[in-house]
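Printed here is upload.pdb (PDB, C-alpha atoms and all ligand atoms):
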ATOM      1  CA  MET A   1     -24.216 -95.021  94.627
ATOM      2  CA  ILE A   2     -21.779 -94.610  97.456
ATOM      3  CA  PRO A   3     -21.674 -91.877 100.059
ATOM      4  CA  ARG A   4     -19.102 -89.210  99.440
ATOM      5  CA  LEU A   5     -16.767 -90.225 102.185
ATOM      6  CA  PRO A   6     -13.323 -88.641 102.098
ATOM      7  CA  LEU A   7     -11.752 -91.869 100.843
ATOM      8  CA  ALA A   8     -14.264 -92.233  98.081
ATOM      9  CA  LEU A   9     -13.823 -88.620  97.114
ATOM     10  CA  SER A  10     -10.066 -88.877  96.877
ATOM     11  CA  ALA A  11     -10.408 -92.011  94.765
ATOM     12  CA  LEU A  12     -12.810 -90.112  92.556
ATOM     13  CA  LEU A  13     -10.364 -87.263  92.100
ATOM     14  CA  LEU A  14      -7.529 -89.626  91.347
ATOM     15  CA  ALA A  15      -9.534 -91.573  88.848
ATOM     16  CA  GLY A  16     -11.097 -88.549  87.206
ATOM     17  CA  PRO A  17      -8.648 -87.812  84.392
ATOM     18  CA  GLN A  18      -8.503 -91.465  83.382
ATOM     19  CA  LEU A  19     -12.214 -91.938  83.280
ATOM     20  CA  ALA A  20     -13.266 -88.681  81.754
ATOM     21  CA  GLY A  21     -13.663 -90.338  78.396
ATOM     22  CA  CYS A  22     -11.828 -87.820  76.281
ATOM     23  CA  GLY A  23     -10.360 -88.643  72.929
ATOM     24  CA  GLY A  24      -7.244 -90.516  72.043
ATOM     25  CA  ASP A  25      -5.000 -87.755  73.258
ATOM     26  CA  ALA A  26      -6.250 -88.149  76.784
ATOM     27  CA  GLN A  27      -4.040 -89.768  79.363
ATOM     28  CA  PRO A  28      -4.919 -93.384  79.172
ATOM     29  CA  PRO A  29      -5.355 -96.001  81.191
ATOM     30  CA  VAL A  30      -4.522 -97.215  84.432
ATOM     31  CA  ASP A  31      -1.865 -99.256  82.638
ATOM     32  CA  ARG A  32      -0.037 -96.218  81.354
ATOM     33  CA  THR A  33       0.753 -95.150  84.902
ATOM     34  CA  ALA A  34       2.965 -98.211  85.124
ATOM     35  CA  GLY A  35       4.646 -97.795  81.741
ATOM     36  CA  PRO A  36       3.892 -99.308  78.358
ATOM     37  CA  PRO A  37       0.798-101.457  78.150
ATOM     38  CA  SER A  38       2.790-104.661  77.927
ATOM     39  CA  THR A  39       4.444-104.223  81.295
ATOM     40  CA  PRO A  40       3.097-105.565  84.554
ATOM     41  CA  THR A  41       0.630-103.391  86.370
ATOM     42  CA  THR A  42       1.380-100.802  88.971
ATOM     43  CA  PRO A  43       2.641-101.956  92.320
ATOM     44  CA  GLY A  44       0.219-100.994  95.002
ATOM     45  CA  THR A  45      -2.880-101.437  92.898
ATOM     46  CA  PRO A  46      -5.655-103.111  94.803
ATOM     47  CA  ALA A  47      -5.217-106.799  95.532
ATOM     48  CA  THR A  48      -8.781-107.435  94.492
ATOM     49  CA  PRO A  49      -9.147-104.960  91.649
ATOM     50  CA  SER A  50     -12.341-106.446  90.324
ATOM     51  CA  ALA A  51     -14.137-105.974  93.611
ATOM     52  CA  PRO A  52     -16.942-103.429  93.431
ATOM     53  CA  THR A  53     -15.013-100.549  94.964
ATOM     54  CA  GLY A  54     -14.048 -97.087  93.822
ATOM     55  CA  PRO A  55     -15.987 -94.086  92.604
ATOM     56  CA  ALA A  56     -19.530 -94.804  91.498
ATOM     57  CA  THR A  57     -19.513 -92.239  88.720
ATOM     58  CA  THR A  58     -17.109 -90.272  86.560
ATOM     59  CA  PRO A  59     -16.741 -86.565  87.272
ATOM     60  CA  GLY A  60     -19.252 -86.077  84.464
ATOM     61  CA  GLY A  61     -21.759 -88.275  86.260
ATOM     62  CA  THR A  62     -21.570 -91.406  84.118
ATOM     63  CA  PRO A  63     -21.922 -94.565  86.211
ATOM     64  CA  ILE A  64     -18.802 -96.673  86.721
ATOM     65  CA  LEU A  65     -19.475-100.373  87.140
ATOM     66  CA  SER A  66     -16.979-102.905  88.411
ATOM     67  CA  GLY A  67     -16.374-105.952  86.266
ATOM     68  CA  VAL A  68     -16.558-108.633  88.914
ATOM     69  CA  VAL A  69     -14.916-111.874  87.804
ATOM     70  CA  VAL A  70     -17.317-114.801  87.934
ATOM     71  CA  GLU A  71     -15.109-117.402  86.297
ATOM     72  CA  ARG A  72     -11.641-117.589  84.783
ATOM     73  CA  LEU A  73     -11.135-119.869  81.771
ATOM     74  CA  PRO A  74      -8.099-120.723  79.611
ATOM     75  CA  HIS A  75      -7.250-118.610  76.557
ATOM     76  CA  ASP A  76      -4.484-119.215  74.029
ATOM     77  CA  PRO A  77      -1.648-116.832  74.969
ATOM     78  CA  GLU A  78      -0.560-116.859  71.310
ATOM     79  CA  ALA A  79      -3.849-115.276  70.250
ATOM     80  CA  PHE A  80      -3.578-111.573  69.508
ATOM     81  CA  THR A  81      -7.302-111.183  70.011
ATOM     82  CA  GLN A  82      -9.118-108.827  67.666
ATOM     83  CA  GLY A  83     -12.651-110.195  67.464
ATOM     84  CA  LEU A  84     -14.637-112.394  69.851
ATOM     85  CA  PHE A  85     -18.263-113.507  69.630
ATOM     86  CA  PHE A  86     -20.700-116.355  70.174
ATOM     87  CA  VAL A  87     -23.179-117.972  67.833
ATOM     88  CA  ASN A  88     -25.621-120.372  69.514
ATOM     89  CA  GLY A  89     -23.284-120.845  72.458
ATOM     90  CA  GLN A  90     -20.220-121.515  70.288
ATOM     91  CA  LEU A  91     -17.256-119.172  70.725
ATOM     92  CA  TYR A  92     -15.382-117.711  67.735
ATOM     93  CA  GLU A  93     -12.299-115.535  67.680
ATOM     94  CA  THR A  94     -10.235-113.637  65.124
ATOM     95  CA  THR A  95      -6.613-112.747  65.708
ATOM     96  CA  GLY A  96      -4.240-110.184  64.282
ATOM     97  CA  ILE A  97      -0.610-109.601  63.328
ATOM     98  CA  GLU A  98       0.479-109.853  59.713
ATOM     99  CA  GLY A  99       1.264-113.459  58.856
ATOM    100  CA  GLN A 100      -0.337-114.757  62.072
ATOM    101  CA  SER A 101      -3.938-113.666  61.623
ATOM    102  CA  GLU A 102      -6.587-116.377  61.927
ATOM    103  CA  LEU A 103     -10.242-117.216  62.201
ATOM    104  CA  ARG A 104     -10.864-119.620  65.034
ATOM    105  CA  LYS A 105     -13.653-121.748  66.425
ATOM    106  CA  VAL A 106     -12.799-122.123  70.104
ATOM    107  CA  ASP A 107     -13.905-124.415  72.912
ATOM    108  CA  LEU A 108     -15.064-122.059  75.641
ATOM    109  CA  ARG A 109     -14.222-124.370  78.536
ATOM    110  CA  THR A 110     -10.722-125.455  77.477
ATOM    111  CA  GLY A 111      -9.611-122.690  75.119
ATOM    112  CA  ALA A 112      -8.731-125.337  72.526
ATOM    113  CA  VAL A 113      -8.944-124.248  68.895
ATOM    114  CA  GLN A 114     -11.444-126.542  67.192
ATOM    115  CA  MET A 115     -11.141-125.100  63.686
ATOM    116  CA  ARG A 116      -8.910-122.431  62.219
ATOM    117  CA  ARG A 117      -8.197-120.665  58.977
ATOM    118  CA  GLY A 118      -5.207-118.411  58.406
ATOM    119  CA  LEU A 119      -5.394-115.008  56.760
ATOM    120  CA  PRO A 120      -2.226-114.647  54.706
ATOM    121  CA  ALA A 121       0.038-111.612  54.654
ATOM    122  CA  PRO A 122      -0.162-108.777  53.899
ATOM    123  CA  TYR A 123      -3.521-108.750  55.673
ATOM    124  CA  PHE A 124      -3.676-107.906  59.364
ATOM    125  CA  GLY A 125      -6.826-109.472  60.792
ATOM    126  CA  GLU A 126      -9.127-107.369  62.923
ATOM    127  CA  GLY A 127     -12.626-107.583  64.388
ATOM    128  CA  SER A 128     -15.273-110.085  63.423
ATOM    129  CA  VAL A 129     -18.846-111.165  63.856
ATOM    130  CA  ALA A 130     -21.305-113.563  62.237
ATOM    131  CA  LEU A 131     -24.756-112.904  60.843
ATOM    132  CA  ASP A 132     -27.008-115.318  58.981
ATOM    133  CA  GLY A 133     -24.295-117.957  58.705
ATOM    134  CA  ARG A 134     -21.715-115.534  57.300
ATOM    135  CA  LEU A 135     -18.584-114.734  59.257
ATOM    136  CA  TYR A 136     -17.220-111.238  58.638
ATOM    137  CA  GLN A 137     -13.563-110.438  59.279
ATOM    138  CA  LEU A 138     -12.136-106.928  59.047
ATOM    139  CA  THR A 139      -8.586-106.019  58.136
ATOM    140  CA  TRP A 140      -6.701-103.183  59.765
ATOM    141  CA  LYS A 141      -5.550-101.000  56.887
ATOM    142  CA  SER A 142      -6.358-103.016  53.770
ATOM    143  CA  GLN A 143      -9.921-101.659  53.563
ATOM    144  CA  ARG A 144     -11.257-105.135  52.915
ATOM    145  CA  ALA A 145     -13.644-107.338  54.819
ATOM    146  CA  PHE A 146     -13.565-111.043  54.119
ATOM    147  CA  VAL A 147     -16.744-113.064  54.388
ATOM    148  CA  TYR A 148     -16.699-116.800  55.126
ATOM    149  CA  ASP A 149     -19.207-119.556  55.601
ATOM    150  CA  LEU A 150     -19.509-119.790  59.386
ATOM    151  CA  ALA A 151     -19.790-123.588  59.372
ATOM    152  CA  THR A 152     -16.830-124.334  57.101
ATOM    153  CA  PHE A 153     -14.705-121.140  57.097
ATOM    154  CA  GLN A 154     -14.762-121.305  53.295
ATOM    155  CA  PRO A 155     -14.498-117.876  51.627
ATOM    156  CA  ARG A 156     -17.761-116.465  50.321
ATOM    157  CA  ASP A 157     -17.246-112.795  49.528
ATOM    158  CA  THR A 158     -14.974-109.772  49.815
ATOM    159  CA  LEU A 159     -16.343-106.347  50.705
ATOM    160  CA  SER A 160     -14.621-102.991  50.934
ATOM    161  CA  TYR A 161     -14.739 -99.902  53.128
ATOM    162  CA  THR A 162     -12.760 -96.730  53.610
ATOM    163  CA  GLY A 163     -10.409 -96.029  56.506
ATOM    164  CA  GLU A 164      -9.259 -98.551  59.070
ATOM    165  CA  GLY A 165     -11.085-101.614  60.324
ATOM    166  CA  TRP A 166     -11.058-102.291  64.086
ATOM    167  CA  GLY A 167     -14.139-103.868  65.696
ATOM    168  CA  LEU A 168     -17.376-105.410  64.487
ATOM    169  CA  THR A 169     -20.673-106.516  66.013
ATOM    170  CA  THR A 170     -24.310-106.959  65.006
ATOM    171  CA  ASP A 171     -27.777-106.356  66.358
ATOM    172  CA  GLY A 172     -29.061-109.231  64.244
ATOM    173  CA  SER A 173     -29.852-106.980  61.299
ATOM    174  CA  ALA A 174     -27.072-104.467  60.649
ATOM    175  CA  LEU A 175     -23.348-104.561  61.336
ATOM    176  CA  TYR A 176     -21.660-102.032  63.612
ATOM    177  CA  MET A 177     -18.036-101.211  62.884
ATOM    178  CA  SER A 178     -15.353 -99.247  64.731
ATOM    179  CA  ASP A 179     -12.268 -97.737  63.137
ATOM    180  CA  GLY A 180     -10.315 -96.297  66.061
ATOM    181  CA  THR A 181     -12.203 -93.012  66.105
ATOM    182  CA  ALA A 182     -15.217 -92.007  68.205
ATOM    183  CA  ARG A 183     -17.550 -92.730  65.283
ATOM    184  CA  LEU A 184     -19.210 -96.108  64.701
ATOM    185  CA  ARG A 185     -20.613 -97.027  61.305
ATOM    186  CA  VAL A 186     -23.841 -98.939  60.875
ATOM    187  CA  LEU A 187     -23.381-101.106  57.801
ATOM    188  CA  ASP A 188     -25.525-103.057  55.398
ATOM    189  CA  PRO A 189     -24.305-106.644  55.872
ATOM    190  CA  ARG A 190     -24.528-107.469  52.168
ATOM    191  CA  THR A 191     -22.725-104.454  50.747
ATOM    192  CA  PHE A 192     -21.026-102.664  53.663
ATOM    193  CA  ALA A 193     -22.859 -99.502  52.589
ATOM    194  CA  VAL A 194     -22.996 -97.064  55.520
ATOM    195  CA  ARG A 195     -26.594 -96.734  56.702
ATOM    196  CA  ARG A 196     -25.782 -94.203  59.404
ATOM    197  CA  THR A 197     -23.053 -93.272  61.840
ATOM    198  CA  ILE A 198     -23.002 -93.020  65.625
ATOM    199  CA  ASP A 199     -20.810 -90.423  67.323
ATOM    200  CA  VAL A 200     -19.909 -91.770  70.741
ATOM    201  CA  THR A 201     -19.689 -89.235  73.541
ATOM    202  CA  ASP A 202     -19.408 -89.201  77.295
ATOM    203  CA  ALA A 203     -20.673 -86.084  79.059
ATOM    204  CA  GLY A 204     -20.434 -84.319  75.725
ATOM    205  CA  ALA A 205     -16.833 -85.305  74.916
ATOM    206  CA  PRO A 206     -15.976 -87.731  72.126
ATOM    207  CA  VAL A 207     -14.738 -91.159  73.195
ATOM    208  CA  SER A 208     -12.258 -92.303  70.587
ATOM    209  CA  GLN A 209     -10.073 -95.391  70.212
ATOM    210  CA  LEU A 210     -13.187 -97.565  70.214
ATOM    211  CA  ASN A 211     -12.050-101.074  69.434
ATOM    212  CA  GLU A 212     -13.659-104.502  69.839
ATOM    213  CA  LEU A 213     -17.449-104.329  70.020
ATOM    214  CA  GLU A 214     -20.284-106.425  71.393
ATOM    215  CA  TRP A 215     -24.035-106.057  71.161
ATOM    216  CA  VAL A 216     -25.545-106.897  74.565
ATOM    217  CA  ASP A 217     -29.297-106.650  75.002
ATOM    218  CA  GLY A 218     -29.743-103.498  72.932
ATOM    219  CA  GLN A 219     -26.544-101.746  74.040
ATOM    220  CA  ILE A 220     -23.090-101.732  72.494
ATOM    221  CA  TYR A 221     -20.130-102.585  74.670
ATOM    222  CA  ALA A 222     -16.763-101.395  73.382
ATOM    223  CA  ASN A 223     -13.169-101.821  74.348
ATOM    224  CA  VAL A 224     -11.337 -98.527  74.487
ATOM    225  CA  TRP A 225      -7.887 -99.270  73.126
ATOM    226  CA  GLN A 226      -5.176 -99.272  75.794
ATOM    227  CA  ARG A 227      -7.655 -98.820  78.605
ATOM    228  CA  ASP A 228      -8.679-101.384  81.153
ATOM    229  CA  GLN A 229     -12.223-100.160  80.842
ATOM    230  CA  LEU A 230     -15.147-100.844  78.556
ATOM    231  CA  VAL A 231     -17.790 -98.345  77.629
ATOM    232  CA  ARG A 232     -21.461 -99.169  77.296
ATOM    233  CA  ILE A 233     -23.047 -97.148  74.487
ATOM    234  CA  ASP A 234     -26.656 -96.346  73.687
ATOM    235  CA  PRO A 235     -26.779 -97.068  69.944
ATOM    236  CA  ALA A 236     -29.618 -94.611  69.405
ATOM    237  CA  THR A 237     -27.776 -91.581  70.804
ATOM    238  CA  GLY A 238     -24.121 -92.616  70.970
ATOM    239  CA  LYS A 239     -24.036 -91.607  74.617
ATOM    240  CA  VAL A 240     -21.911 -93.628  77.015
ATOM    241  CA  THR A 241     -24.286 -94.974  79.628
ATOM    242  CA  ALA A 242     -21.624 -96.616  81.795
ATOM    243  CA  TRP A 243     -17.940 -97.373  82.138
ATOM    244  CA  ILE A 244     -17.053-100.893  83.186
ATOM    245  CA  ASP A 245     -13.833-100.924  85.124
ATOM    246  CA  LEU A 246     -11.646-103.981  84.528
ATOM    247  CA  ALA A 247      -8.424-102.539  85.918
ATOM    248  CA  ASN A 248      -5.918-105.279  86.571
ATOM    249  CA  ILE A 249      -8.418-108.018  85.871
ATOM    250  CA  LEU A 250      -5.388-110.090  84.904
ATOM    251  CA  PRO A 251      -3.390-109.885  88.133
ATOM    252  CA  ALA A 252       0.157-108.563  87.931
ATOM    253  CA  SER A 253       1.398-111.698  89.675
ATOM    254  CA  GLN A 254       0.037-113.812  86.829
ATOM    255  CA  ARG A 255       1.390-111.770  83.949
ATOM    256  CA  THR A 256       4.454-112.745  81.982
ATOM    257  CA  GLY A 257       5.113-109.253  80.680
ATOM    258  CA  LYS A 258       4.135-110.175  77.138
ATOM    259  CA  GLU A 259       0.460-109.373  77.483
ATOM    260  CA  ASP A 260      -0.883-106.541  75.438
ATOM    261  CA  VAL A 261      -4.108-104.766  76.200
ATOM    262  CA  LEU A 262      -7.590-105.793  77.120
ATOM    263  CA  ASN A 263      -9.456-106.596  73.913
ATOM    264  CA  GLY A 264     -12.266-108.988  73.167
ATOM    265  CA  ILE A 265     -15.846-108.953  74.419
ATOM    266  CA  ALA A 266     -18.310-111.744  73.765
ATOM    267  CA  TYR A 267     -21.849-112.158  75.058
ATOM    268  CA  ASP A 268     -23.420-115.597  75.031
ATOM    269  CA  SER A 269     -27.108-114.829  74.660
ATOM    270  CA  THR A 270     -27.996-118.467  75.383
ATOM    271  CA  THR A 271     -26.557-118.256  78.913
ATOM    272  CA  LYS A 272     -26.596-114.459  79.270
ATOM    273  CA  LYS A 273     -22.943-114.531  80.267
ATOM    274  CA  LEU A 274     -20.422-111.861  79.306
ATOM    275  CA  TYR A 275     -16.774-112.666  78.649
ATOM    276  CA  VAL A 276     -13.666-110.562  78.089
ATOM    277  CA  THR A 277     -10.055-111.294  77.287
ATOM    278  CA  GLY A 278      -6.981-109.496  75.995
ATOM    279  CA  LYS A 279      -4.338-109.700  73.321
ATOM    280  CA  TRP A 280      -1.976-112.542  74.228
ATOM    281  CA  TRP A 281      -3.791-113.077  77.526
ATOM    282  CA  ASN A 282      -3.740-116.563  78.990
ATOM    283  CA  SER A 283      -7.254-116.260  80.353
ATOM    284  CA  LEU A 284     -10.797-115.488  79.339
ATOM    285  CA  PHE A 285     -12.921-114.019  82.097
ATOM    286  CA  GLU A 286     -16.627-114.213  82.657
ATOM    287  CA  ILE A 287     -17.464-110.884  84.213
ATOM    288  CA  ARG A 288     -20.537-109.388  85.784
ATOM    289  CA  PRO A 289     -20.790-105.598  85.590
ATOM    290  CA  THR A 290     -21.764-104.572  89.113
ATOM    291  CA  PRO A 291     -22.780-101.174  90.471
ATOM    292  CA  ARG A 292     -20.523 -99.749  93.144
TER     293      ARG A 292
HETATM  294 CA    CA B 301     -17.233-109.017  70.165
END
So, in terms of structure tokens, how does the structure I just supplied come out?
Amino acid sequence: MIPRLPLALSALLLAGPQLAGCGGDAQPPVDRTAGPPSTPTTPGTPATPSAPTGPATTPGGTPILSGVVVERLPHDPEAFTQGLFFVNGQLYETTGIEGQSELRKVDLRTGAVQMRRGLPAPYFGEGSVALDGRLYQLTWKSQRAFVYDLATFQPRDTLSYTGEGWGLTTDGSALYMSDGTARLRVLDPRTFAVRRTIDVTDAGAPVSQLNELEWVDGQIYANVWQRDQLVRIDPATGKVTAWIDLANILPASQRTGKEDVLNGIAYDSTTKKLYVTGKWWNSLFEIRPTPR
């Protein structure tokens, strides 16, 4: 916690509406203040945005952590990242856009694609995760999930669901799926039957636009679409237990203007390192959520 100095208080008031965690109609992100998400970030934003500064909580009292950058690694700027995860220290990624969607096995250190498989049109690839040697890939609006052999990327199964498919993660037993709303589905990995749902709220208000997901030591981390912040969710209650601020993690001076939004969270349980990237970003960042 930080003392309520005048500077800290004014930062808190300024940040309040963006961090209140309302639904999709809320004013988004820090990015929106500068224009569309693909444009460079606001002039005058802090030179070291990932430093642990700023308000320590939202107006509703939820902790805000800073995502301090530990290491910056290469990422394919042609990857419209939709899903990102590790299995035994190996990084995997799924990408989107109709006609360009892929499954990828990726070298963490170099960003090189070691194995790939395209998903043909009309499918628009979305989130992904692996469980028990099966790689699951969602599609945006086709209501189909494709299942592949993780080792070979050979197709194994096709499952169906209602609504849109956005993000996917696993606790090692069930799958957790987002669809752009504030509700996560807990799915049977063999059938995609819905075991239960989780309504995600922050200080009582729904947090919608939940996108890419990651299970990290019993908590779910989620990208909030078009925000430069992650939420950390208690899967038992759906309550947001922290915001992780990644505002301008990709510095404006290093953007080409093509970059879309932050998306992609992967936790390597073998090293206990947490990584994030974005759609068409040229970098993958190891971050450490740090209290302010
Ligand atoms: Ca993930």
So which residues are near ligand CA 301 (chain B), meaning at most 6 Å away with all atoms listed in the file counted, given back as a compact mmCIF listing (two decimals) with C-alpha atoms, in the frame of the given file?
# COMPACT_ATOMS: atom_id res chain seq x y z
CA GLY A 83 -12.65 -110.20 67.46
CA LEU A 84 -14.64 -112.39 69.85
CA PHE A 85 -18.26 -113.51 69.63
CA THR A 169 -20.67 -106.52 66.01
CA GLU A 212 -13.66 -104.50 69.84
CA LEU A 213 -17.45 -104.33 70.02
CA GLU A 214 -20.28 -106.42 71.39
CA GLY A 264 -12.27 -108.99 73.17
CA ILE A 265 -15.85 -108.95 74.42
CA ALA A 266 -18.31 -111.74 73.76
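Candidate residues A:Asp268, A:Pro235, A:Pro120, A:His75 were compared for distance to Val87 of chain A, and the nearest is A:Asp268, using only C-alpha atoms.
Residue selection for this entry, given the PyMOL selection byres (((chain A and resi 187) around 8) and not hetatm), comprises Ala174, Leu175, Tyr176, Met177, Arg185, Val186, Asp188, Pro189, Thr191, Phe192, Ala193, Val194, Arg195 and Arg196 of chain A.
Taking atom CA of Ile198 of chain A and atom CA of Gly163 of chain A as the two end points, the separation is 15.8 Å.
For the atom pair formed by atom CA of Gln90 of chain A and atom CA of Leu73 of chain A, the distance is 14.7 Å, given to one decimal.
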Box for segment 254-264 of chain A: with edges along x, y and z, all listed atoms inside and 4 Å added on each side, what are the centre and edge lengths in Å to one decimal, as AutoDock Vina command-line options?
--center_x -3.6 --center_y -109.3 --center_z 80.0 --size_x 25.4 --size_y 17.0 --size_z 21.7
Expected selection from the PyMOL selection byres (((chain A and resi 86) around 12) and not hetatm), given as a PDB file with C-alpha atoms, in the coordinates of the input:
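Saved as selection33.pdb:
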ATOM      1  CA  GLY A  83     -12.651-110.195  67.464  1.00  0.00           C
ATOM      2  CA  LEU A  84     -14.637-112.394  69.851  1.00  0.00           C
ATOM      3  CA  PHE A  85     -18.263-113.507  69.630  1.00  0.00           C
ATOM      4  CA  VAL A  87     -23.179-117.972  67.833  1.00  0.00           C
ATOM      5  CA  ASN A  88     -25.621-120.372  69.514  1.00  0.00           C
ATOM      6  CA  GLY A  89     -23.284-120.845  72.458  1.00  0.00           C
ATOM      7  CA  GLN A  90     -20.220-121.515  70.288  1.00  0.00           C
ATOM      8  CA  LEU A  91     -17.256-119.172  70.725  1.00  0.00           C
ATOM      9  CA  TYR A  92     -15.382-117.711  67.735  1.00  0.00           C
ATOM     10  CA  GLU A  93     -12.299-115.535  67.680  1.00  0.00           C
ATOM     11  CA  THR A  94     -10.235-113.637  65.124  1.00  0.00           C
ATOM     12  CA  ARG A 104     -10.864-119.620  65.034  1.00  0.00           C
ATOM     13  CA  LYS A 105     -13.653-121.748  66.425  1.00  0.00           C
ATOM     14  CA  VAL A 106     -12.799-122.123  70.104  1.00  0.00           C
ATOM     15  CA  ASP A 107     -13.905-124.415  72.912  1.00  0.00           C
ATOM     16  CA  LEU A 108     -15.064-122.059  75.641  1.00  0.00           C
ATOM     17  CA  SER A 128     -15.273-110.085  63.423  1.00  0.00           C
ATOM     18  CA  VAL A 129     -18.846-111.165  63.856  1.00  0.00           C
ATOM     19  CA  ALA A 130     -21.305-113.563  62.237  1.00  0.00           C
ATOM     20  CA  LEU A 131     -24.756-112.904  60.843  1.00  0.00           C
ATOM     21  CA  LEU A 135     -18.584-114.734  59.257  1.00  0.00           C
ATOM     22  CA  LEU A 150     -19.509-119.790  59.386  1.00  0.00           C
ATOM     23  CA  THR A 169     -20.673-106.516  66.013  1.00  0.00           C
ATOM     24  CA  THR A 170     -24.310-106.959  65.006  1.00  0.00           C
ATOM     25  CA  GLU A 214     -20.284-106.425  71.393  1.00  0.00           C
ATOM     26  CA  TRP A 215     -24.035-106.057  71.161  1.00  0.00           C
ATOM     27  CA  VAL A 216     -25.545-106.897  74.565  1.00  0.00           C
ATOM     28  CA  GLY A 264     -12.266-108.988  73.167  1.00  0.00           C
ATOM     29  CA  ILE A 265     -15.846-108.953  74.419  1.00  0.00           C
ATOM     30  CA  ALA A 266     -18.310-111.744  73.765  1.00  0.00           C
ATOM     31  CA  TYR A 267     -21.849-112.158  75.058  1.00  0.00           C
ATOM     32  CA  ASP A 268     -23.420-115.597  75.031  1.00  0.00           C
ATOM     33  CA  SER A 269     -27.108-114.829  74.660  1.00  0.00           C
ATOM     34  CA  THR A 270     -27.996-118.467  75.383  1.00  0.00           C
ATOM     35  CA  THR A 271     -26.557-118.256  78.913  1.00  0.00           C
ATOM     36  CA  LYS A 272     -26.596-114.459  79.270  1.00  0.00           C
ATOM     37  CA  LYS A 273     -22.943-114.531  80.267  1.00  0.00           C
ATOM     38  CA  LEU A 274     -20.422-111.861  79.306  1.00  0.00           C
ATOM     39  CA  TYR A 275     -16.774-112.666  78.649  1.00  0.00           C
TER      40      TYR A 275
END
- Message: the PyMOL selection byres (((chain A and resi 139) around 9) and not hetatm) - which residues does that actually catch in the file I just gave you? List them as a PyMOL selection string.
- Response: chain A and resi 96+123-127+137-138+140-146+164-166
- Between A:Val147, A:Gly204, A:Gln114, A:Ser178, single out the one closest to Gly60 of chain A, counting only C-alpha atoms. A:Gly204
- Item | Residues near Arg232 of chain A, cut-off 12 Å, all atoms listed in the file, skip fewer than 6 positions along chain, as number ranges by chain | A: 21, 62-65, 200-202, 207, 210, 213-224, 238-245, 265, 289
- Shortest interatomic distance to Glu71 of chain A - which of A:Ala203, A:Leu246, A:Pro55, A:Arg109, counting only C-alpha atoms: A:Arg109
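Of the listed residues A:Asp157, A:Glu286, A:Asp228, A:Asp234, the one whose atoms come nearest to Val261 of chain A is A:Asp228, with distances taken using all atoms listed in the file.
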Coords for segment 167-209 of chain A, C-alpha atoms, as a PDB file, in the first residue's frame:
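Ended up saving to decode36.pdb:
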ATOM      1  CA  GLY A 167      -9.950 -17.938 -24.413  1.00  0.00           C
ATOM      2  CA  LEU A 168      -9.113 -21.316 -22.928  1.00  0.00           C
ATOM      3  CA  THR A 169      -7.078 -22.647 -20.011  1.00  0.00           C
ATOM      4  CA  THR A 170      -6.996 -25.653 -17.689  1.00  0.00           C
ATOM      5  CA  ASP A 171      -6.447 -26.482 -14.052  1.00  0.00           C
ATOM      6  CA  GLY A 172      -5.186 -29.912 -15.062  1.00  0.00           C
ATOM      7  CA  SER A 173      -8.638 -31.465 -14.862  1.00  0.00           C
ATOM      8  CA  ALA A 174     -11.289 -29.233 -16.430  1.00  0.00           C
ATOM      9  CA  LEU A 175     -11.119 -26.626 -19.172  1.00  0.00           C
ATOM     10  CA  TYR A 176     -12.037 -22.992 -18.550  1.00  0.00           C
ATOM     11  CA  MET A 177     -13.413 -21.037 -21.487  1.00  0.00           C
ATOM     12  CA  SER A 178     -14.190 -17.362 -22.078  1.00  0.00           C
ATOM     13  CA  ASP A 179     -16.577 -16.030 -24.697  1.00  0.00           C
ATOM     14  CA  GLY A 180     -16.256 -12.254 -24.422  1.00  0.00           C
ATOM     15  CA  THR A 181     -18.774 -11.935 -21.609  1.00  0.00           C
ATOM     16  CA  ALA A 182     -18.168 -11.811 -17.851  1.00  0.00           C
ATOM     17  CA  ARG A 183     -19.045 -15.503 -17.542  1.00  0.00           C
ATOM     18  CA  LEU A 184     -16.473 -18.304 -17.762  1.00  0.00           C
ATOM     19  CA  ARG A 185     -17.532 -21.866 -18.491  1.00  0.00           C
ATOM     20  CA  VAL A 186     -15.951 -24.855 -16.809  1.00  0.00           C
ATOM     21  CA  LEU A 187     -15.954 -27.636 -19.382  1.00  0.00           C
ATOM     22  CA  ASP A 188     -15.545 -31.378 -19.469  1.00  0.00           C
ATOM     23  CA  PRO A 189     -12.432 -31.854 -21.628  1.00  0.00           C
ATOM     24  CA  ARG A 190     -13.837 -34.903 -23.412  1.00  0.00           C
ATOM     25  CA  THR A 191     -17.259 -33.563 -24.338  1.00  0.00           C
ATOM     26  CA  PHE A 192     -17.209 -29.792 -23.726  1.00  0.00           C
ATOM     27  CA  ALA A 193     -20.265 -30.268 -21.501  1.00  0.00           C
ATOM     28  CA  VAL A 194     -20.591 -27.285 -19.148  1.00  0.00           C
ATOM     29  CA  ARG A 195     -19.904 -28.422 -15.586  1.00  0.00           C
ATOM     30  CA  ARG A 196     -20.513 -25.003 -14.066  1.00  0.00           C
ATOM     31  CA  THR A 197     -20.113 -21.329 -14.831  1.00  0.00           C
ATOM     32  CA  ILE A 198     -18.178 -18.567 -13.093  1.00  0.00           C
ATOM     33  CA  ASP A 199     -19.520 -15.013 -13.110  1.00  0.00           C
ATOM     34  CA  VAL A 200     -16.550 -12.686 -12.839  1.00  0.00           C
ATOM     35  CA  THR A 201     -17.059  -9.543 -10.796  1.00  0.00           C
ATOM     36  CA  ASP A 202     -14.980  -6.760  -9.342  1.00  0.00           C
ATOM     37  CA  ALA A 203     -16.435  -4.956  -6.333  1.00  0.00           C
ATOM     38  CA  GLY A 204     -19.792  -6.383  -7.326  1.00  0.00           C
ATOM     39  CA  ALA A 205     -19.729  -5.262 -10.978  1.00  0.00           C
ATOM     40  CA  PRO A 206     -19.390  -7.724 -13.846  1.00  0.00           C
ATOM     41  CA  VAL A 207     -16.072  -7.710 -15.694  1.00  0.00           C
ATOM     42  CA  SER A 208     -16.810  -8.557 -19.300  1.00  0.00           C
ATOM     43  CA  GLN A 209     -14.665  -8.851 -22.425  1.00  0.00           C
TER      44      GLN A 209
END
